[in-house]
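J.: Take a look at target-v5.txt, compact mmCIF, C-alpha atoms:
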# COMPACT_ATOMS: atom_id res chain seq x y z
CA MET A 1 45.95 24.46 -71.30
CA ASN A 2 44.75 20.96 -70.37
CA ILE A 3 41.56 20.15 -68.49
CA HIS A 4 40.95 16.92 -66.60
CA TYR A 5 37.49 15.70 -65.60
CA VAL A 6 37.75 13.58 -62.47
CA THR A 7 35.41 11.70 -60.16
CA TYR A 8 35.99 9.65 -57.02
CA ALA A 9 34.01 6.41 -56.96
CA THR A 10 34.74 3.16 -55.17
CA HIS A 11 31.99 1.29 -57.04
CA ASP A 12 29.12 1.64 -59.51
CA GLN A 13 26.02 3.34 -58.11
CA GLY A 14 23.40 5.92 -59.04
CA LEU A 15 24.29 7.91 -62.17
CA PHE A 16 27.86 6.64 -62.41
CA LYS A 17 27.47 4.77 -65.72
CA LYS A 18 25.58 7.66 -67.27
CA LEU A 19 28.40 10.04 -66.33
CA ILE A 20 31.18 7.78 -67.58
CA HIS A 21 29.42 6.76 -70.81
CA ASN A 22 28.20 10.26 -71.62
CA PRO A 23 26.91 11.24 -75.09
CA TYR A 24 29.72 13.79 -75.56
CA GLU A 25 32.45 11.16 -75.23
CA THR A 26 34.10 13.29 -72.54
CA GLU A 27 36.71 11.24 -70.71
CA ILE A 28 36.07 11.05 -66.98
CA VAL A 29 39.04 9.89 -64.90
CA VAL A 30 37.88 7.59 -62.09
CA ILE A 31 39.97 7.45 -58.91
CA GLY A 32 39.32 5.37 -55.80
CA TRP A 33 37.83 2.44 -57.73
CA GLY A 34 37.74 -0.74 -55.61
CA VAL A 35 39.20 1.04 -52.57
CA LYS A 36 37.52 0.54 -49.19
CA TRP A 37 35.46 3.60 -48.26
CA ASN A 38 36.64 5.18 -45.00
CA GLY A 39 34.86 8.54 -45.22
CA TYR A 40 34.56 11.71 -47.27
CA MET A 41 38.16 12.74 -46.70
CA ASP A 42 39.15 9.79 -48.89
CA LYS A 43 37.98 11.87 -51.86
CA ILE A 44 40.28 14.74 -50.92
CA LYS A 45 43.26 12.45 -50.35
CA GLY A 46 42.60 10.72 -53.65
CA MET A 47 42.30 14.00 -55.54
CA LEU A 48 45.47 15.40 -53.99
CA GLU A 49 47.38 12.26 -54.96
CA TYR A 50 45.99 12.36 -58.50
CA ILE A 51 46.91 16.01 -59.19
CA SER A 52 50.33 15.83 -57.51
CA ASP A 53 52.03 15.02 -60.82
CA LEU A 54 49.98 17.34 -63.03
CA PRO A 55 51.30 20.71 -64.26
CA ASP A 56 50.30 23.56 -61.95
CA ASP A 57 48.55 25.48 -64.72
CA ASP A 58 46.37 22.55 -65.77
CA VAL A 59 42.68 22.71 -64.82
CA VAL A 60 40.83 19.97 -62.96
CA CYS A 61 37.04 19.67 -62.87
CA SER A 62 35.73 17.40 -60.11
CA LEU A 63 32.30 15.76 -60.45
CA ASP A 64 30.25 13.67 -58.04
CA GLY A 65 30.36 10.16 -59.43
CA PHE A 66 26.98 8.97 -58.15
CA ASP A 67 24.86 12.10 -58.68
CA THR A 68 26.11 13.96 -61.77
CA ILE A 69 25.14 14.02 -65.43
CA ILE A 70 26.59 16.06 -68.29
CA ASN A 71 23.81 18.39 -69.40
CA ARG A 72 25.62 20.17 -72.26
CA ASP A 73 28.77 19.58 -74.27
CA PRO A 74 31.70 20.52 -71.97
CA LYS A 75 33.68 22.01 -74.88
CA ASP A 76 33.16 25.54 -73.47
CA VAL A 77 34.03 24.79 -69.84
CA LEU A 78 37.54 26.27 -69.97
CA ASN A 79 36.35 29.44 -71.68
CA ILE A 80 33.52 29.91 -69.16
CA PHE A 81 35.86 29.24 -66.24
CA GLU A 82 38.32 31.88 -67.45
CA THR A 83 35.83 34.58 -68.49
CA LYS A 84 32.77 34.42 -66.22
CA PHE A 85 34.27 34.44 -62.72
CA GLY A 86 36.55 37.45 -62.55
CA GLY A 87 39.76 35.47 -62.81
CA ALA A 88 39.05 33.31 -59.73
CA LYS A 89 41.41 30.37 -59.38
CA ILE A 90 38.73 27.97 -58.11
CA VAL A 91 34.99 27.91 -58.84
CA VAL A 92 32.72 25.87 -56.58
CA SER A 93 29.09 24.85 -57.00
CA LYS A 94 26.43 26.23 -54.67
CA ASP A 95 24.49 23.88 -52.42
CA LYS A 96 20.77 23.67 -53.20
CA SER A 97 18.78 24.32 -50.00
CA ASN A 98 15.26 24.17 -51.37
CA ASN A 99 13.32 24.40 -48.10
CA ALA A 100 13.70 25.71 -44.56
CA LEU A 101 14.34 22.33 -42.96
CA ARG A 102 17.03 21.33 -45.46
CA SER A 103 18.65 24.76 -45.12
CA LEU A 104 18.69 24.42 -41.33
CA LEU A 105 20.21 20.93 -41.47
CA THR A 106 22.83 21.79 -44.10
CA LYS A 107 23.97 24.89 -42.20
CA LYS A 108 24.21 22.83 -39.02
CA ILE A 109 26.42 20.24 -40.73
CA PHE A 110 28.41 22.20 -43.28
CA THR A 111 28.34 25.78 -41.85
CA GLU A 112 28.23 28.80 -44.18
CA GLY A 113 31.04 29.35 -46.65
CA LEU A 114 31.11 32.57 -48.68
CA ASP A 115 28.56 35.39 -48.53
CA GLY A 116 26.22 33.32 -46.37
CA HIS A 117 26.04 30.49 -48.91
CA ILE A 118 26.87 26.82 -48.43
CA LEU A 119 29.49 25.58 -50.87
CA ASN A 120 29.01 22.11 -52.31
CA ALA A 121 32.07 19.85 -52.42
CA GLY A 122 30.60 17.58 -55.07
CA MET A 123 31.41 19.77 -58.07
CA TYR A 124 34.19 22.31 -58.52
CA ILE A 125 36.84 23.41 -61.01
CA GLY A 126 40.23 25.03 -60.52
CA TYR A 127 43.90 25.29 -61.37
CA VAL A 128 46.04 22.44 -60.07
CA SER A 129 48.28 24.77 -58.08
CA GLU A 130 45.29 26.27 -56.22
CA LEU A 131 43.54 22.95 -55.72
CA LYS A 132 46.65 21.59 -54.03
CA LYS A 133 46.42 24.44 -51.52
CA MET A 134 42.72 23.82 -51.02
CA PHE A 135 43.10 20.08 -50.47
CA LYS A 136 45.94 20.53 -47.99
CA LEU A 137 43.93 23.09 -46.00
CA ILE A 138 40.88 20.81 -46.01
CA LEU A 139 42.90 17.89 -44.66
CA LYS A 140 44.10 20.04 -41.76
CA GLN A 141 40.57 20.76 -40.54
CA ASP A 142 39.20 19.06 -37.44
CA THR A 143 36.35 17.33 -39.23
CA THR A 144 35.71 14.14 -41.19
CA ASP A 145 33.44 15.83 -43.73
CA ASP A 146 34.98 17.32 -46.87
CA GLN A 147 32.11 19.73 -47.51
CA ARG A 148 32.22 21.17 -43.99
CA ALA A 149 35.99 21.55 -44.32
CA LEU A 150 35.59 23.29 -47.70
CA ASN A 151 33.21 25.85 -46.20
CA LEU A 152 35.61 26.43 -43.30
CA VAL A 153 38.62 27.14 -45.52
CA ALA A 154 36.93 28.95 -48.44
CA LYS A 155 37.67 32.44 -47.11
CA HIS A 156 41.40 31.66 -47.15
CA LEU A 157 41.45 30.78 -50.85
CA ASP A 158 40.84 32.48 -54.20
CA ILE A 159 37.41 30.87 -54.56
CA THR A 160 34.19 32.11 -56.11
CA VAL A 161 30.79 30.44 -56.26
CA ASP A 162 28.92 29.57 -59.44
CA TYR A 163 25.84 31.53 -58.31
CA LYS A 164 24.44 31.83 -61.85
CA ASN A 165 25.00 28.14 -62.66
CA TYR A 166 27.19 28.73 -65.70
CA ILE A 167 28.96 25.41 -65.15
CA PHE A 168 27.37 23.64 -62.18
CA TYR A 169 23.84 23.18 -60.89
CA ASN A 170 22.82 21.25 -57.79
CA SER A 171 19.24 20.17 -58.32
CA SER A 172 16.62 19.85 -55.60
CA GLY A 173 15.56 16.57 -57.21
CA GLY A 174 12.91 15.31 -59.60
CA HIS A 175 12.61 17.32 -62.80
CA ASP A 176 14.35 20.39 -61.37
CA THR A 177 16.94 21.26 -63.98
CA ASN A 178 18.86 24.11 -65.58
CA LYS A 179 19.36 23.99 -69.33
CA ARG A 180 22.22 26.51 -69.39
CA CYS A 181 24.59 24.71 -67.02
CA ILE A 182 26.98 22.02 -68.18
CA PHE A 183 26.85 19.66 -65.20
CA ILE A 184 23.81 18.84 -63.07
CA SER A 185 23.93 16.99 -59.77
CA TYR A 186 20.87 15.17 -58.45
CA PRO A 187 21.60 14.53 -54.75
CA GLY A 188 20.52 11.09 -53.62
CA ALA A 189 20.40 9.70 -57.16
CA GLY A 190 21.86 6.45 -55.86
CA MET A 191 18.95 5.77 -53.52
CA GLU A 192 16.34 4.48 -55.96
CA ASP A 193 16.49 0.97 -54.51
CA TRP A 194 16.90 -0.47 -51.01
CA ASN A 195 20.58 -1.32 -51.49
CA GLY A 196 21.39 2.24 -52.53
CA TRP A 197 19.33 3.72 -49.68
CA ILE A 198 20.92 1.44 -47.08
CA ASN A 199 24.41 2.20 -48.35
CA ARG A 200 24.06 6.00 -48.50
CA VAL A 201 21.82 6.59 -45.48
CA LEU A 202 22.43 3.81 -42.96
CA ILE A 203 25.99 2.74 -43.74
CA ARG A 204 27.45 6.12 -44.74
CA GLY A 205 25.07 8.93 -43.87
CA ILE A 206 24.10 8.31 -40.24
CA PRO A 207 27.60 7.45 -38.91
CA GLU A 208 29.16 10.45 -40.71
CA TYR A 209 26.53 13.10 -39.93
CA ALA A 210 25.26 11.99 -36.50
CA PRO A 211 28.23 13.61 -34.64
CA PHE A 212 27.00 17.05 -35.77
CA PHE A 213 23.76 16.50 -33.85
CA ILE A 214 25.08 15.13 -30.54
CA ASN A 215 23.34 17.77 -28.39
CA GLU A 216 20.03 17.31 -30.21
CA ILE A 217 20.30 13.52 -29.93
CA ILE A 218 20.98 13.73 -26.19
CA ILE A 219 17.99 16.05 -25.64
CA PHE A 220 15.78 13.75 -27.73
CA LEU A 221 16.85 10.68 -25.73
CA ILE A 222 16.23 12.49 -22.43
CA ILE A 223 12.71 13.40 -23.58
CA VAL A 224 12.01 9.85 -24.75
CA LEU A 225 13.37 8.39 -21.52
CA SER A 226 11.25 10.81 -19.47
CA LEU A 227 8.11 9.82 -21.39
CA VAL A 228 8.88 6.13 -20.94
CA ILE A 229 9.40 6.56 -17.20
CA TYR A 230 6.19 8.59 -16.90
CA TYR A 231 4.21 6.03 -18.93
CA TYR A 232 5.39 2.93 -17.08
CA PHE A 233 6.08 4.31 -13.62
CA GLY A 234 3.94 7.44 -13.42
CA ASP A 235 1.21 5.90 -11.27
CA LYS A 236 3.70 4.44 -8.81
CA ILE A 237 5.58 7.73 -8.54
CA ARG A 238 2.36 9.68 -7.92
CA GLU A 239 1.21 7.05 -5.41
CA ARG A 240 4.49 7.29 -3.53
CA PHE A 241 4.23 11.10 -3.36
CA GLN A 242 0.68 10.85 -2.04
CA ILE A 243 1.73 8.35 0.66
CA LYS A 244 4.62 10.64 1.65
CA ARG A 245 2.29 13.64 1.91
CA GLN A 246 -0.19 11.69 4.05
CA THR A 247 2.65 10.55 6.33
CA ASN A 248 3.86 14.13 6.74
Please render this file's structure as C-alpha cells.

T.:
Amino acid sequence: MNIHYVTYATHDQGLFKKLIHNPYETEIVVIGWGVKWNGYMDKIKGMLEYISDLPDDDVVCSLDGFDTIINRDPKDVLNIFETKFGGAKIVVSKDKSNNALRSLLTKKIFTEGLDGHILNAGMYIGYVSELKKMFKLILKQDTTDDQRALNLVAKHLDITVDYKNYIFYNSSGGHDTNKRCIFISYPGAGMEDWNGWINRVLIRGIPEYAPFFINEIIIFLIIVLSLVIYYYFGDKIRERFQIKRQTN
C-alpha cells in the first residue's frame, strides 16, 4: 500500500519550508504552487485533481502547508491509521478550541461535525476512493469554506476523528505541543510579520469569514450609527421635542 503526503500551497509562508525540508526526509507533494488563490475550495479542487489518477486503495495524508511541522518520524502512520481507528476509511484532525470565545466563533463559522466536535480540514488521512467521495460532497455544499463543508458532510461518510491525537494535533499556539502525535499544526504560524498578518487576516480572512457574521455586523453598525446620531444630533433632537411639547 502506498501513502502520499500532500499539501496545497500557492507560495512560501509560515512553516512551509520546515515542512518540506523536514528532518525525516519525508517527501511532501506540493500542489497549487504559483496558482492564484481564489478561496479555500481551491484546496479541495486541487486535491481531487491530484488523486484522480491514483489507485483507489492508496492512502493520502493532507497537511496544512503554512502551519504544520512533522513532530515524529511518519514511518508508522499507515500502521496507526489501520489499527487505531476501528477500520475507518478517513481520519480527520480535531479543531482546537482552547477558550470560550474561540469555540463560539468556530462553531458559528464551521458548525459542529461529529459528536459535537469541530473537524479541522487542515490535516486528514484516508483512502483515495473515500477521499474522492468526500471531496465531491464538499464541492456540492453551498459554502465557500472547505472546513465548514467538511463538517456538514462528515455524517454521510466513513469518517472518524483523531480524538487522542495519534496522528494529528492542532495546537492552541505557543509551546502547546503533543509529543506522541506525528504532525502538529500551529494555526496562524504565517502571521509572525506584517506581510503574513495582512495576507491571512485582511486579504484572506475577513473577506472569507465575514459573510458568516452578516447579522452581527448589521446589528453592530446600527448600534454605532445610533451612537453617532445621538452624539452629534442628540441636543437638537431633544430641543425639537421640547419645542413640540411646548407648542402642544

J.: Could you please determine the separation between CA of Asp95 (chain A) and CA of Cys181 (chain A) in Å, to one decimal place?

T.: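 So the answer is 14.6 Å.
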
J.: When you look at Phe135 (chain A) with a cut-off of 8 Å (counting all atoms listed in the file), what residues show up, excluding the ones that are within fewer than 4 positions of it in the same chain? I need them as a PDB file with C-alpha atoms, in the coordinates of the input.

T.:
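In the end it all went to out-v2.pdb:
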ATOM      1  CA  ILE A  44      40.280  14.740 -50.920  1.00  0.00           C
ATOM      2  CA  LYS A  45      43.260  12.450 -50.350  1.00  0.00           C
ATOM      3  CA  MET A  47      42.300  14.000 -55.540  1.00  0.00           C
ATOM      4  CA  LEU A  48      45.470  15.400 -53.990  1.00  0.00           C
ATOM      5  CA  LEU A 131      43.540  22.950 -55.720  1.00  0.00           C
ATOM      6  CA  LEU A 139      42.900  17.890 -44.660  1.00  0.00           C
TER       7      LEU A 139
END

J.: Have a look at CA of Met134 (chain A) and CA of Trp37 (chain A) and let me know their distance in Å, one decimal.

T.: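 Computing the Euclidean distance for CA of Met134 (chain A) and CA of Trp37 (chain A) yields 21.7 Å.
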
J.: For Val59 (chain A), which residue out of A:Ser172, A:Asn165, A:Asn79, A:Asn22 is the nearest one, using all atoms listed in the file?

T.: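 Among A:Ser172, A:Asn165, A:Asn79, A:Asn22, it is A:Asn79 that comes nearest to Val59 (chain A).
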
J.: I need the residue nearest Phe183 (chain A) from this list: A:Asp158, A:Asp57, A:Glu130, A:Asp76. Use only C-alpha atoms for the distance.

T.: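 Of A:Asp158, A:Asp57, A:Glu130, A:Asp76, the one nearest Phe183 (chain A), counting only C-alpha atoms, is A:Asp76.
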
J.: Please list as a count of residues only every residue within 12 Å of Ile70 (chain A), counting only C-alpha atoms and excluding residues in the same chain fewer than 5 positions away.

T.: 34

J.: Between CA of Ile138 (chain A) and CA of Lys96 (chain A), measure the distance and give it in Å to one decimal.

T.: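 Computing it gives 21.5 Å between the two atoms.
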
J.: Once you count all atoms listed in the file, which residues end up no further than 10 Å from (28.1, 26.2, -56.6) in the file's frame, shown as a list in words?

T.: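 Protein, DNA and RNA residues close to (28.1, 26.2, -56.6): Val91, Val92, Ser93, Lys94, Asp95, Lys96, His117, Ile118, Leu119, Asn120, Ala121, Gly122, Met123, Tyr124, Thr160, Val161, Asp162, Tyr163, Lys164, Asn165, Tyr166, Ile167, Phe168, Tyr169 and Asn170 of chain A.
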
J.: With C-alpha atoms kept, could you save the residues just selected as an mmCIF file, in the frame of the given file?

T.:
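Here's the written file selection05.cif:
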data_model
loop_
_atom_site.group_PDB
_atom_site.id
_atom_site.type_symbol
_atom_site.label_atom_id
_atom_site.label_comp_id
_atom_site.auth_asym_id
_atom_site.auth_seq_id
_atom_site.Cartn_x
_atom_site.Cartn_y
_atom_site.Cartn_z
ATOM 1 C CA VAL A 91 34.990 27.910 -58.840
ATOM 2 C CA VAL A 92 32.720 25.870 -56.580
ATOM 3 C CA SER A 93 29.090 24.850 -57.000
ATOM 4 C CA LYS A 94 26.430 26.230 -54.670
ATOM 5 C CA ASP A 95 24.490 23.880 -52.420
ATOM 6 C CA LYS A 96 20.770 23.670 -53.200
ATOM 7 C CA HIS A 117 26.040 30.490 -48.910
ATOM 8 C CA ILE A 118 26.870 26.820 -48.430
ATOM 9 C CA LEU A 119 29.490 25.580 -50.870
ATOM 10 C CA ASN A 120 29.010 22.110 -52.310
ATOM 11 C CA ALA A 121 32.070 19.850 -52.420
ATOM 12 C CA GLY A 122 30.600 17.580 -55.070
ATOM 13 C CA MET A 123 31.410 19.770 -58.070
ATOM 14 C CA TYR A 124 34.190 22.310 -58.520
ATOM 15 C CA THR A 160 34.190 32.110 -56.110
ATOM 16 C CA VAL A 161 30.790 30.440 -56.260
ATOM 17 C CA ASP A 162 28.920 29.570 -59.440
ATOM 18 C CA TYR A 163 25.840 31.530 -58.310
ATOM 19 C CA LYS A 164 24.440 31.830 -61.850
ATOM 20 C CA ASN A 165 25.000 28.140 -62.660
ATOM 21 C CA TYR A 166 27.190 28.730 -65.700
ATOM 22 C CA ILE A 167 28.960 25.410 -65.150
ATOM 23 C CA PHE A 168 27.370 23.640 -62.180
ATOM 24 C CA TYR A 169 23.840 23.180 -60.890
ATOM 25 C CA ASN A 170 22.820 21.250 -57.790
#

J.: Find, counting only C-alpha atoms, the residue in A:Ala88, A:Ile229, A:Ile51, A:Ala9 that gets nearest to Trp33 (chain A).

T.: A:Ala9

J.: Can you tell me which residues surround Ile3 (chain A) at a distance of at most 8 Å, considering all atoms listed in the file, apart from same-chain residues fewer than 2 positions away, and format the answer as a PyMOL selection string?

T.: chain A and resi 1+5+58-61+78

J.: Counting all atoms listed in the file, which residue out of A:Lys155, A:His11, A:Lys89, A:Arg148 sits closest to Lys132 (chain A)?

T.: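 Using all atoms listed in the file, Lys132 (chain A) sits closest to A:Lys89.
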
J.: Let me make sure I understand: among A:Val35, A:Leu152, A:Ile69, A:Leu227, which one has the smallest atom-to-atom distance to Ser171 (chain A) if we use only C-alpha atoms?

T.: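 Counting only C-alpha atoms, the residue closest to Ser171 (chain A) is A:Ile69.
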
J.: Within 6 Å of Tyr40 (chain A), counting all atoms listed in the file, which residues qualify if same-chain residues fewer than 2 places away don't, as a list of chain:residue names?

T.: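 Final neighbour list, sorted by chain and number: A:Asp42, A:Lys43, A:Asp145, A:Asp146.
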
J.: Restricting the calculation to only C-alpha atoms: of A:Asp67, A:Gly14, A:Ile159, A:Gly39, which residue gets closest to Gly86 (chain A)?

T.: A:Ile159

J.: Using 6 Å of padding on each side, determine the axis-aligned box around all atoms of region 66-79 of chain A present in the file and give its centre and edge lengths in Å to one decimal, as lines of an AutoDock Vina configuration file.

T.:
center_x = 30.7
center_y = 19.2
center_z = -66.5
size_x = 25.7
size_y = 32.5
size_z = 28.7

J.: Within 9 Å of Ala149 (chain A), counting all atoms listed in the file, which residues qualify if same-chain residues fewer than 4 places away don't, as a PDB file with C-alpha atoms, in the coordinates of the input?

T.:
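Written out: out.pdb:
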ATOM      1  CA  PHE A 110      28.410  22.200 -43.280  1.00  0.00           C
ATOM      2  CA  LEU A 137      43.930  23.090 -46.000  1.00  0.00           C
ATOM      3  CA  ILE A 138      40.880  20.810 -46.010  1.00  0.00           C
ATOM      4  CA  LEU A 139      42.900  17.890 -44.660  1.00  0.00           C
ATOM      5  CA  LYS A 140      44.100  20.040 -41.760  1.00  0.00           C
ATOM      6  CA  GLN A 141      40.570  20.760 -40.540  1.00  0.00           C
ATOM      7  CA  ASP A 142      39.200  19.060 -37.440  1.00  0.00           C
ATOM      8  CA  THR A 143      36.350  17.330 -39.230  1.00  0.00           C
ATOM      9  CA  THR A 144      35.710  14.140 -41.190  1.00  0.00           C
ATOM     10  CA  ASP A 145      33.440  15.830 -43.730  1.00  0.00           C
ATOM     11  CA  VAL A 153      38.620  27.140 -45.520  1.00  0.00           C
ATOM     12  CA  ALA A 154      36.930  28.950 -48.440  1.00  0.00           C
TER      13      ALA A 154
END
